Amino acid sequence: STAPAASQALDEELERDERVFLLGEEVAQYDGAYKISRGLWKKYGDKRVIDTPISEMGFAGIAVGAAMAGLRPVCEFMTFNFSMQAIDQVINSAAKTCYMSAGSIAVPIVFRGPNGASAGVAAQHSQCFAAWYGHCPGLKVVSPWSSEDAKGLLKASIRDDNPVVMLESELLYGVPFEMSEQAQSKEFVVPIGKAKIEKQGTHVTLVAHSRPVGHCLEAAAVLSKEGVECEVINLRTIRPMDIETVEASVVKTNHLVTVEGGWPQFGVGAEICARIMEGPAFNYLDAPAVRVTGADVPMPYAKILEDNSIPQVKDIVFAVKKTLNI
């Protein structure tokens, strides 16, 4: 599953480069709120795996300063909703410094933790921040789906000299994925800024990131029985966005559906639709692009309402049939 994959990535990178360290709430003695850092404090000690007070503004600031001074911090937020406490550190201190210093100050830092909907934790713990962070130049933003994504993108993020926001999914931490022999290797990285075609198809392009990639593959399996072949693209990176892979697919399928767990307005899907409309693939579309998103409400607490606020397989199937006019 994605939790041990991320854990493996952290272990390998802590071992590979002594400048790398992890800090956040409960990451050391408790082995991580989601057990991502299991065994790392015992193995690497207090200097490399650091429990912090419950003060995001404080520990994110310490991490950014450490990065400016030449270390390579991995700053864990227990959920990205709590990164709001530290958004000034993430945007004004981390993202803008390389540009404002004319490239003389690098900020090699990774902000990581679960993002978007979990289960039954209501509005203040369920927001997706892909669009928020994807909006900001100076950041790179990655959003893994599979175990290979989780391991490869975390390693690439730690090795990158820019600030990277890694938006994980708590609901994927326990989901099993097959991992190739290659992905088990210590040198395996997934390049930032490159999407992956998870399934080839000819009738419609489905583009998603994080957990909805799995929903897209499920919807594709359902539609395949009805003779509709979906091409499923796992974005992997929100910024810089790999629009070329999406364009090439749309040129082939002539139809586009975007799927995301976040809110519709100014969302990831909205950006993809705009980029396709402005680019060379627009003339190949045979129907308007369709967005499938989370509901435009703060996440409800009641389970039945929560289920209906998150894109489900049936919503994707409906959107595909709508755009294909079937």
# chains A, B, ... in the order shown; residues from 1 in each chain; ligands from 1
$ select_by_dssp --residues "region 71-208 of chain A" --states "helix (DSSP H, G or I)" --output "PyMOL selection string"
chain A and resi 80-95+97-100+123-125+130-134+147-159+170-172+181-184
$ residues_around --residues "Ile50 (chain A)" --least-positions-apart "4" --cutoff "12 Å" --atoms "only C-alpha atoms" --output "PyMOL selection string"
chain A and resi 20-32+37+40-42+44-46+59+62-63+73-76
$ write_last_selection --atoms "N, CA and C atoms" --output "PDB file, in the first residue's frame"
ATOM      1  N   VAL A  20      19.027  15.354   4.885  1.00  0.00           N
ATOM      2  CA  VAL A  20      17.578  15.133   4.927  1.00  0.00           C
ATOM      3  C   VAL A  20      17.139  14.861   6.362  1.00  0.00           C
ATOM      4  N   PHE A  21      16.076  15.535   6.794  1.00  0.00           N
ATOM      5  CA  PHE A  21      15.480  15.193   8.094  1.00  0.00           C
ATOM      6  C   PHE A  21      13.966  15.383   8.024  1.00  0.00           C
ATOM      7  N   LEU A  22      13.271  14.737   8.949  1.00  0.00           N
ATOM      8  CA  LEU A  22      11.805  14.776   8.991  1.00  0.00           C
ATOM      9  C   LEU A  22      11.360  15.446  10.270  1.00  0.00           C
ATOM     10  N   LEU A  23      10.387  16.374  10.154  1.00  0.00           N
ATOM     11  CA  LEU A  23       9.817  16.936  11.377  1.00  0.00           C
ATOM     12  C   LEU A  23       8.308  17.108  11.225  1.00  0.00           C
ATOM     13  N   GLY A  24       7.624  17.099  12.368  1.00  0.00           N
ATOM     14  CA  GLY A  24       6.175  17.242  12.363  1.00  0.00           C
ATOM     15  C   GLY A  24       5.597  16.687  13.652  1.00  0.00           C
ATOM     16  N   GLU A  25       4.279  16.717  13.750  1.00  0.00           N
ATOM     17  CA  GLU A  25       3.605  16.228  14.955  1.00  0.00           C
ATOM     18  C   GLU A  25       3.567  14.697  14.951  1.00  0.00           C
ATOM     19  N   GLU A  26       4.020  14.089  16.031  1.00  0.00           N
ATOM     20  CA  GLU A  26       3.939  12.629  16.226  1.00  0.00           C
ATOM     21  C   GLU A  26       4.777  11.802  15.247  1.00  0.00           C
ATOM     22  N   VAL A  27       5.756  12.426  14.547  1.00  0.00           N
ATOM     23  CA  VAL A  27       6.507  11.651  13.552  1.00  0.00           C
ATOM     24  C   VAL A  27       7.570  10.748  14.178  1.00  0.00           C
ATOM     25  N   ALA A  28       8.027  11.067  15.388  1.00  0.00           N
ATOM     26  CA  ALA A  28       9.158  10.335  15.965  1.00  0.00           C
ATOM     27  C   ALA A  28       8.714   9.189  16.879  1.00  0.00           C
ATOM     28  N   GLN A  29       8.474   9.507  18.147  1.00  0.00           N
ATOM     29  CA  GLN A  29       8.226   8.443  19.124  1.00  0.00           C
ATOM     30  C   GLN A  29       6.964   7.633  18.832  1.00  0.00           C
ATOM     31  N   TYR A  30       5.950   8.261  18.232  1.00  0.00           N
ATOM     32  CA  TYR A  30       4.683   7.578  17.942  1.00  0.00           C
ATOM     33  C   TYR A  30       4.731   6.853  16.591  1.00  0.00           C
ATOM     34  N   ASP A  31       5.830   7.013  15.836  1.00  0.00           N
ATOM     35  CA  ASP A  31       5.996   6.373  14.520  1.00  0.00           C
ATOM     36  C   ASP A  31       5.124   7.001  13.432  1.00  0.00           C
ATOM     37  N   GLY A  32       4.620   8.209  13.684  1.00  0.00           N
ATOM     38  CA  GLY A  32       3.791   8.894  12.690  1.00  0.00           C
ATOM     39  C   GLY A  32       2.318   8.658  12.937  1.00  0.00           C
ATOM     40  N   SER A  37       6.283   7.061   9.264  1.00  0.00           N
ATOM     41  CA  SER A  37       7.683   7.137   9.727  1.00  0.00           C
ATOM     42  C   SER A  37       8.026   6.004  10.702  1.00  0.00           C
ATOM     43  N   LEU A  40      11.667   4.946  12.020  1.00  0.00           N
ATOM     44  CA  LEU A  40      12.709   5.883  11.558  1.00  0.00           C
ATOM     45  C   LEU A  40      13.382   6.630  12.712  1.00  0.00           C
ATOM     46  N   TRP A  41      12.616   6.966  13.759  1.00  0.00           N
ATOM     47  CA  TRP A  41      13.211   7.640  14.907  1.00  0.00           C
ATOM     48  C   TRP A  41      14.197   6.709  15.612  1.00  0.00           C
ATOM     49  N   LYS A  42      13.790   5.436  15.786  1.00  0.00           N
ATOM     50  CA  LYS A  42      14.694   4.453  16.409  1.00  0.00           C
ATOM     51  C   LYS A  42      15.969   4.296  15.591  1.00  0.00           C
ATOM     52  N   TYR A  44      17.289   6.496  13.157  1.00  0.00           N
ATOM     53  CA  TYR A  44      18.080   7.695  12.833  1.00  0.00           C
ATOM     54  C   TYR A  44      18.251   8.680  13.987  1.00  0.00           C
ATOM     55  N   GLY A  45      17.431   8.550  15.034  1.00  0.00           N
ATOM     56  CA  GLY A  45      17.625   9.384  16.223  1.00  0.00           C
ATOM     57  C   GLY A  45      16.973  10.761  16.161  1.00  0.00           C
ATOM     58  N   ASP A  46      17.147  11.488  17.277  1.00  0.00           N
ATOM     59  CA  ASP A  46      16.479  12.778  17.504  1.00  0.00           C
ATOM     60  C   ASP A  46      16.837  13.881  16.520  1.00  0.00           C
ATOM     61  N   PHE A  59       6.800  25.110  13.268  1.00  0.00           N
ATOM     62  CA  PHE A  59       7.705  24.095  12.711  1.00  0.00           C
ATOM     63  C   PHE A  59       7.876  24.222  11.196  1.00  0.00           C
ATOM     64  N   ILE A  62      10.603  26.857  10.951  1.00  0.00           N
ATOM     65  CA  ILE A  62      11.901  26.260  11.256  1.00  0.00           C
ATOM     66  C   ILE A  62      12.405  25.452  10.057  1.00  0.00           C
ATOM     67  N   ALA A  63      11.504  24.691   9.444  1.00  0.00           N
ATOM     68  CA  ALA A  63      11.871  23.849   8.307  1.00  0.00           C
ATOM     69  C   ALA A  63      12.317  24.696   7.108  1.00  0.00           C
ATOM     70  N   PRO A  73      14.770  19.543   4.575  1.00  0.00           N
ATOM     71  CA  PRO A  73      13.713  19.085   5.485  1.00  0.00           C
ATOM     72  C   PRO A  73      12.521  18.468   4.760  1.00  0.00           C
ATOM     73  N   VAL A  74      11.913  17.474   5.418  1.00  0.00           N
ATOM     74  CA  VAL A  74      10.607  16.963   5.021  1.00  0.00           C
ATOM     75  C   VAL A  74       9.664  17.362   6.156  1.00  0.00           C
ATOM     76  N   CYS A  75       8.757  18.270   5.859  1.00  0.00           N
ATOM     77  CA  CYS A  75       7.864  18.835   6.867  1.00  0.00           C
ATOM     78  C   CYS A  75       6.495  18.181   6.722  1.00  0.00           C
ATOM     79  N   GLU A  76       6.097  17.391   7.703  1.00  0.00           N
ATOM     80  CA  GLU A  76       4.820  16.677   7.626  1.00  0.00           C
ATOM     81  C   GLU A  76       3.709  17.454   8.325  1.00  0.00           C
TER      82      GLU A  76
END
$ residues_around --residues "Gln89 (chain A)" --least-positions-apart "6" --cutoff "8 Å" --atoms "only C-alpha atoms" --output "count of residues only"
4
$ atom_distance --atom1 "CA of Asp161 (chain A)" --atom2 "CA of Val141 (chain A)"
13.3 Å
$ closest_atom_pairs --of "region 2-118 of chain A" --to "region 248-261 of chain A" --cutoff "12 Å" --atoms "only C-alpha atoms" --output "Markdown table"
| residue | atom | partner | partner_atom | distance |
| --- | --- | --- | --- | --- |
| A:Asn115 | CA | A:Gly261 | CA | 10.0 |
| A:Gly116 | CA | A:Gly261 | CA | 7.0 |
| A:Ala117 | CA | A:Gly261 | CA | 7.4 |
| A:Ser118 | CA | A:Gly261 | CA | 10.7 |
$ closest_residue --among "A:Val204, A:Ala131, A:Val297, A:Tyr284" --to "Lys322 (chain A)" --atoms "only C-alpha atoms"
A:Val204
$ select_by_dssp --residues "region 42-225 of chain A" --states "strand (DSSP E or B)" --output "compact mmCIF listing (two decimals) with all heavy atoms, in the first residue's frame"
# COMPACT_ATOMS: atom_id res chain seq x y z
N VAL A 49 14.80 12.81 12.99
CA VAL A 49 13.34 12.61 13.04
C VAL A 49 12.84 13.32 14.29
O VAL A 49 13.12 12.89 15.41
CB VAL A 49 12.98 11.10 13.05
CG1 VAL A 49 11.46 10.92 13.03
CG2 VAL A 49 13.61 10.38 11.87
N ILE A 50 12.11 14.43 14.07
CA ILE A 50 11.88 15.37 15.16
C ILE A 50 10.39 15.57 15.45
O ILE A 50 9.63 16.01 14.58
CB ILE A 50 12.52 16.75 14.80
CG1 ILE A 50 14.02 16.57 14.51
CG2 ILE A 50 12.29 17.76 15.92
CD1 ILE A 50 14.67 17.79 13.87
N ASP A 51 9.97 15.26 16.67
CA ASP A 51 8.61 15.57 17.12
C ASP A 51 8.53 17.07 17.42
O ASP A 51 9.40 17.63 18.09
CB ASP A 51 8.29 14.80 18.41
CG ASP A 51 7.81 13.38 18.13
OD1 ASP A 51 7.21 13.15 17.07
OD2 ASP A 51 8.04 12.50 18.99
N ARG A 72 17.80 19.67 4.05
CA ARG A 72 16.72 19.25 3.14
C ARG A 72 15.57 18.67 3.96
O ARG A 72 15.38 17.45 4.03
CB ARG A 72 17.25 18.24 2.12
CG ARG A 72 18.46 18.77 1.33
CD ARG A 72 18.89 17.83 0.24
NE ARG A 72 18.05 17.92 -0.95
CZ ARG A 72 18.25 18.79 -1.95
NH1 ARG A 72 19.25 19.64 -1.90
NH2 ARG A 72 17.44 18.79 -2.98
N PRO A 73 14.77 19.54 4.57
CA PRO A 73 13.71 19.09 5.48
C PRO A 73 12.52 18.47 4.76
O PRO A 73 12.17 18.88 3.65
CB PRO A 73 13.25 20.36 6.20
CG PRO A 73 14.05 21.48 5.63
CD PRO A 73 14.83 21.00 4.47
N VAL A 74 11.91 17.47 5.42
CA VAL A 74 10.61 16.96 5.02
C VAL A 74 9.66 17.36 6.16
O VAL A 74 9.80 16.89 7.28
CB VAL A 74 10.62 15.43 4.84
CG1 VAL A 74 9.21 14.93 4.49
CG2 VAL A 74 11.63 15.03 3.77
N CYS A 75 8.76 18.27 5.86
CA CYS A 75 7.86 18.84 6.87
C CYS A 75 6.49 18.18 6.72
O CYS A 75 5.82 18.37 5.71
CB CYS A 75 7.77 20.35 6.65
SG CYS A 75 6.59 21.18 7.71
N GLU A 76 6.10 17.39 7.70
CA GLU A 76 4.82 16.68 7.63
C GLU A 76 3.71 17.45 8.32
O GLU A 76 3.85 17.86 9.47
CB GLU A 76 4.94 15.28 8.27
CG GLU A 76 3.61 14.55 8.30
CD GLU A 76 3.69 13.13 8.86
OE1 GLU A 76 4.65 12.39 8.54
OE2 GLU A 76 2.78 12.76 9.63
N VAL A 110 10.30 19.67 1.39
CA VAL A 110 9.08 18.95 1.01
C VAL A 110 8.05 19.14 2.12
O VAL A 110 8.33 18.87 3.28
CB VAL A 110 9.34 17.44 0.82
CG1 VAL A 110 8.04 16.72 0.44
CG2 VAL A 110 10.42 17.20 -0.22
N PHE A 111 6.87 19.64 1.75
CA PHE A 111 5.74 19.67 2.66
C PHE A 111 4.85 18.49 2.28
O PHE A 111 4.40 18.41 1.13
CB PHE A 111 4.94 20.97 2.51
CG PHE A 111 5.73 22.21 2.80
CD1 PHE A 111 6.24 22.98 1.77
CD2 PHE A 111 5.96 22.62 4.11
CE1 PHE A 111 6.97 24.14 2.04
CE2 PHE A 111 6.69 23.78 4.39
CZ PHE A 111 7.20 24.54 3.35
N ARG A 112 4.62 17.55 3.19
CA ARG A 112 3.81 16.38 2.82
C ARG A 112 2.82 16.01 3.93
O ARG A 112 3.01 16.38 5.10
CB ARG A 112 4.69 15.17 2.47
CG ARG A 112 5.73 14.76 3.50
CD ARG A 112 6.13 13.31 3.34
NE ARG A 112 5.00 12.44 3.65
CZ ARG A 112 4.69 12.03 4.88
NH1 ARG A 112 5.42 12.40 5.92
NH2 ARG A 112 3.63 11.25 5.09
N GLY A 113 1.80 15.27 3.52
CA GLY A 113 0.78 14.82 4.46
C GLY A 113 -0.49 14.53 3.69
O GLY A 113 -0.56 14.73 2.48
N PRO A 114 -1.52 14.03 4.39
CA PRO A 114 -2.78 13.70 3.71
C PRO A 114 -3.57 14.95 3.34
O PRO A 114 -3.59 15.93 4.07
CB PRO A 114 -3.52 12.85 4.74
CG PRO A 114 -2.90 13.15 6.04
CD PRO A 114 -1.52 13.64 5.80
N LYS A 140 6.43 23.26 -6.57
CA LYS A 140 6.02 22.11 -7.37
C LYS A 140 4.99 21.37 -6.53
O LYS A 140 5.11 21.34 -5.30
CB LYS A 140 7.22 21.21 -7.70
CG LYS A 140 8.23 21.89 -8.63
CD LYS A 140 9.35 20.98 -9.05
CE LYS A 140 10.33 21.74 -9.94
NZ LYS A 140 11.42 20.88 -10.43
N VAL A 141 3.99 20.81 -7.18
CA VAL A 141 2.91 20.15 -6.44
C VAL A 141 2.67 18.77 -7.04
O VAL A 141 2.40 18.65 -8.24
CB VAL A 141 1.60 20.97 -6.50
CG1 VAL A 141 0.51 20.30 -5.66
CG2 VAL A 141 1.84 22.40 -6.00
N VAL A 142 2.81 17.73 -6.21
CA VAL A 142 2.61 16.36 -6.69
C VAL A 142 1.48 15.70 -5.91
O VAL A 142 1.21 16.05 -4.76
CB VAL A 142 3.90 15.51 -6.62
CG1 VAL A 142 5.00 16.13 -7.49
CG2 VAL A 142 4.40 15.36 -5.18
N VAL A 164 8.55 21.54 -2.66
CA VAL A 164 7.55 20.66 -3.25
C VAL A 164 6.45 20.39 -2.23
O VAL A 164 6.74 20.09 -1.07
CB VAL A 164 8.17 19.31 -3.70
CG1 VAL A 164 7.10 18.43 -4.35
CG2 VAL A 164 9.33 19.53 -4.66
N VAL A 165 5.21 20.51 -2.67
CA VAL A 165 4.07 20.15 -1.84
C VAL A 165 3.59 18.78 -2.31
O VAL A 165 3.25 18.62 -3.49
CB VAL A 165 2.94 21.20 -1.98
CG1 VAL A 165 1.66 20.71 -1.31
CG2 VAL A 165 3.38 22.53 -1.38
N MET A 166 3.61 17.79 -1.41
CA MET A 166 3.18 16.44 -1.78
C MET A 166 1.85 16.12 -1.09
O MET A 166 1.78 15.99 0.13
CB MET A 166 4.24 15.42 -1.38
CG MET A 166 3.83 14.00 -1.76
SD MET A 166 5.26 12.92 -1.90
CE MET A 166 4.46 11.33 -1.94
N LEU A 167 0.81 16.05 -1.92
CA LEU A 167 -0.55 15.87 -1.41
C LEU A 167 -0.92 14.39 -1.44
O LEU A 167 -1.23 13.84 -2.50
CB LEU A 167 -1.52 16.68 -2.27
CG LEU A 167 -1.21 18.19 -2.37
CD1 LEU A 167 -2.04 18.85 -3.45
CD2 LEU A 167 -1.42 18.88 -1.03
N GLU A 168 -0.86 13.75 -0.29
CA GLU A 168 -1.15 12.32 -0.19
C GLU A 168 -2.64 12.11 0.12
O GLU A 168 -3.37 13.08 0.31
CB GLU A 168 -0.26 11.69 0.88
CG GLU A 168 1.23 11.86 0.57
CD GLU A 168 2.16 11.55 1.74
OE1 GLU A 168 1.67 11.05 2.78
OE2 GLU A 168 3.37 11.81 1.61
N LYS A 196 1.02 9.81 -16.21
CA LYS A 196 1.15 8.40 -16.61
C LYS A 196 -0.18 7.90 -17.17
O LYS A 196 -1.23 8.11 -16.55
CB LYS A 196 1.55 7.55 -15.41
CG LYS A 196 1.77 6.08 -15.77
CD LYS A 196 2.02 5.23 -14.52
CE LYS A 196 2.19 3.76 -14.92
NZ LYS A 196 2.01 2.87 -13.77
N ILE A 197 -0.14 7.27 -18.32
CA ILE A 197 -1.34 6.67 -18.87
C ILE A 197 -1.52 5.31 -18.19
O ILE A 197 -0.73 4.40 -18.39
CB ILE A 197 -1.27 6.54 -20.40
CG1 ILE A 197 -1.17 7.92 -21.03
CG2 ILE A 197 -2.49 5.79 -20.94
CD1 ILE A 197 -0.88 7.94 -22.51
N GLU A 198 -2.56 5.20 -17.35
CA GLU A 198 -2.80 3.98 -16.59
C GLU A 198 -3.55 2.95 -17.42
O GLU A 198 -3.47 1.76 -17.16
CB GLU A 198 -3.57 4.28 -15.30
CG GLU A 198 -2.85 5.20 -14.31
CD GLU A 198 -1.70 4.53 -13.56
OE1 GLU A 198 -1.55 3.29 -13.67
OE2 GLU A 198 -0.96 5.24 -12.86
N LYS A 199 -4.33 3.41 -18.39
CA LYS A 199 -5.07 2.51 -19.27
C LYS A 199 -5.23 3.17 -20.63
O LYS A 199 -5.62 4.33 -20.71
CB LYS A 199 -6.45 2.21 -18.67
CG LYS A 199 -7.32 1.30 -19.54
CD LYS A 199 -8.75 1.21 -19.02
CE LYS A 199 -9.65 0.41 -19.94
NZ LYS A 199 -9.85 1.03 -21.27
N VAL A 204 -12.72 8.04 -25.12
CA VAL A 204 -12.79 9.22 -24.24
C VAL A 204 -11.57 9.25 -23.32
O VAL A 204 -11.07 8.20 -22.91
CB VAL A 204 -14.12 9.23 -23.41
CG1 VAL A 204 -14.24 7.96 -22.56
CG2 VAL A 204 -14.24 10.47 -22.53
N THR A 205 -11.09 10.46 -23.03
CA THR A 205 -9.95 10.63 -22.12
C THR A 205 -10.46 11.00 -20.73
O THR A 205 -11.23 11.95 -20.58
CB THR A 205 -9.03 11.76 -22.64
OG1 THR A 205 -8.54 11.40 -23.93
CG2 THR A 205 -7.86 11.99 -21.69
N LEU A 206 -10.05 10.23 -19.73
CA LEU A 206 -10.34 10.55 -18.33
C LEU A 206 -9.05 11.00 -17.66
O LEU A 206 -8.05 10.28 -17.69
CB LEU A 206 -10.88 9.32 -17.58
CG LEU A 206 -12.19 8.69 -18.06
CD1 LEU A 206 -12.53 7.46 -17.21
CD2 LEU A 206 -13.32 9.70 -17.98
N VAL A 207 -9.06 12.20 -17.07
CA VAL A 207 -7.87 12.72 -16.39
C VAL A 207 -8.18 12.92 -14.92
O VAL A 207 -9.16 13.58 -14.57
CB VAL A 207 -7.40 14.07 -16.98
CG1 VAL A 207 -6.04 14.45 -16.40
CG2 VAL A 207 -7.33 14.01 -18.49
N ALA A 208 -7.34 12.35 -14.04
CA ALA A 208 -7.57 12.47 -12.61
C ALA A 208 -6.24 12.51 -11.86
O ALA A 208 -5.18 12.29 -12.45
CB ALA A 208 -8.42 11.30 -12.11
$ residues_around --residues "Ile310 (chain A)" --least-positions-apart "2" --cutoff "12 Å" --atoms "only C-alpha atoms" --output "ChimeraX atom specification"
/A:116-119,126-128,211-212,215,259-264,292-300,303-308,312-316
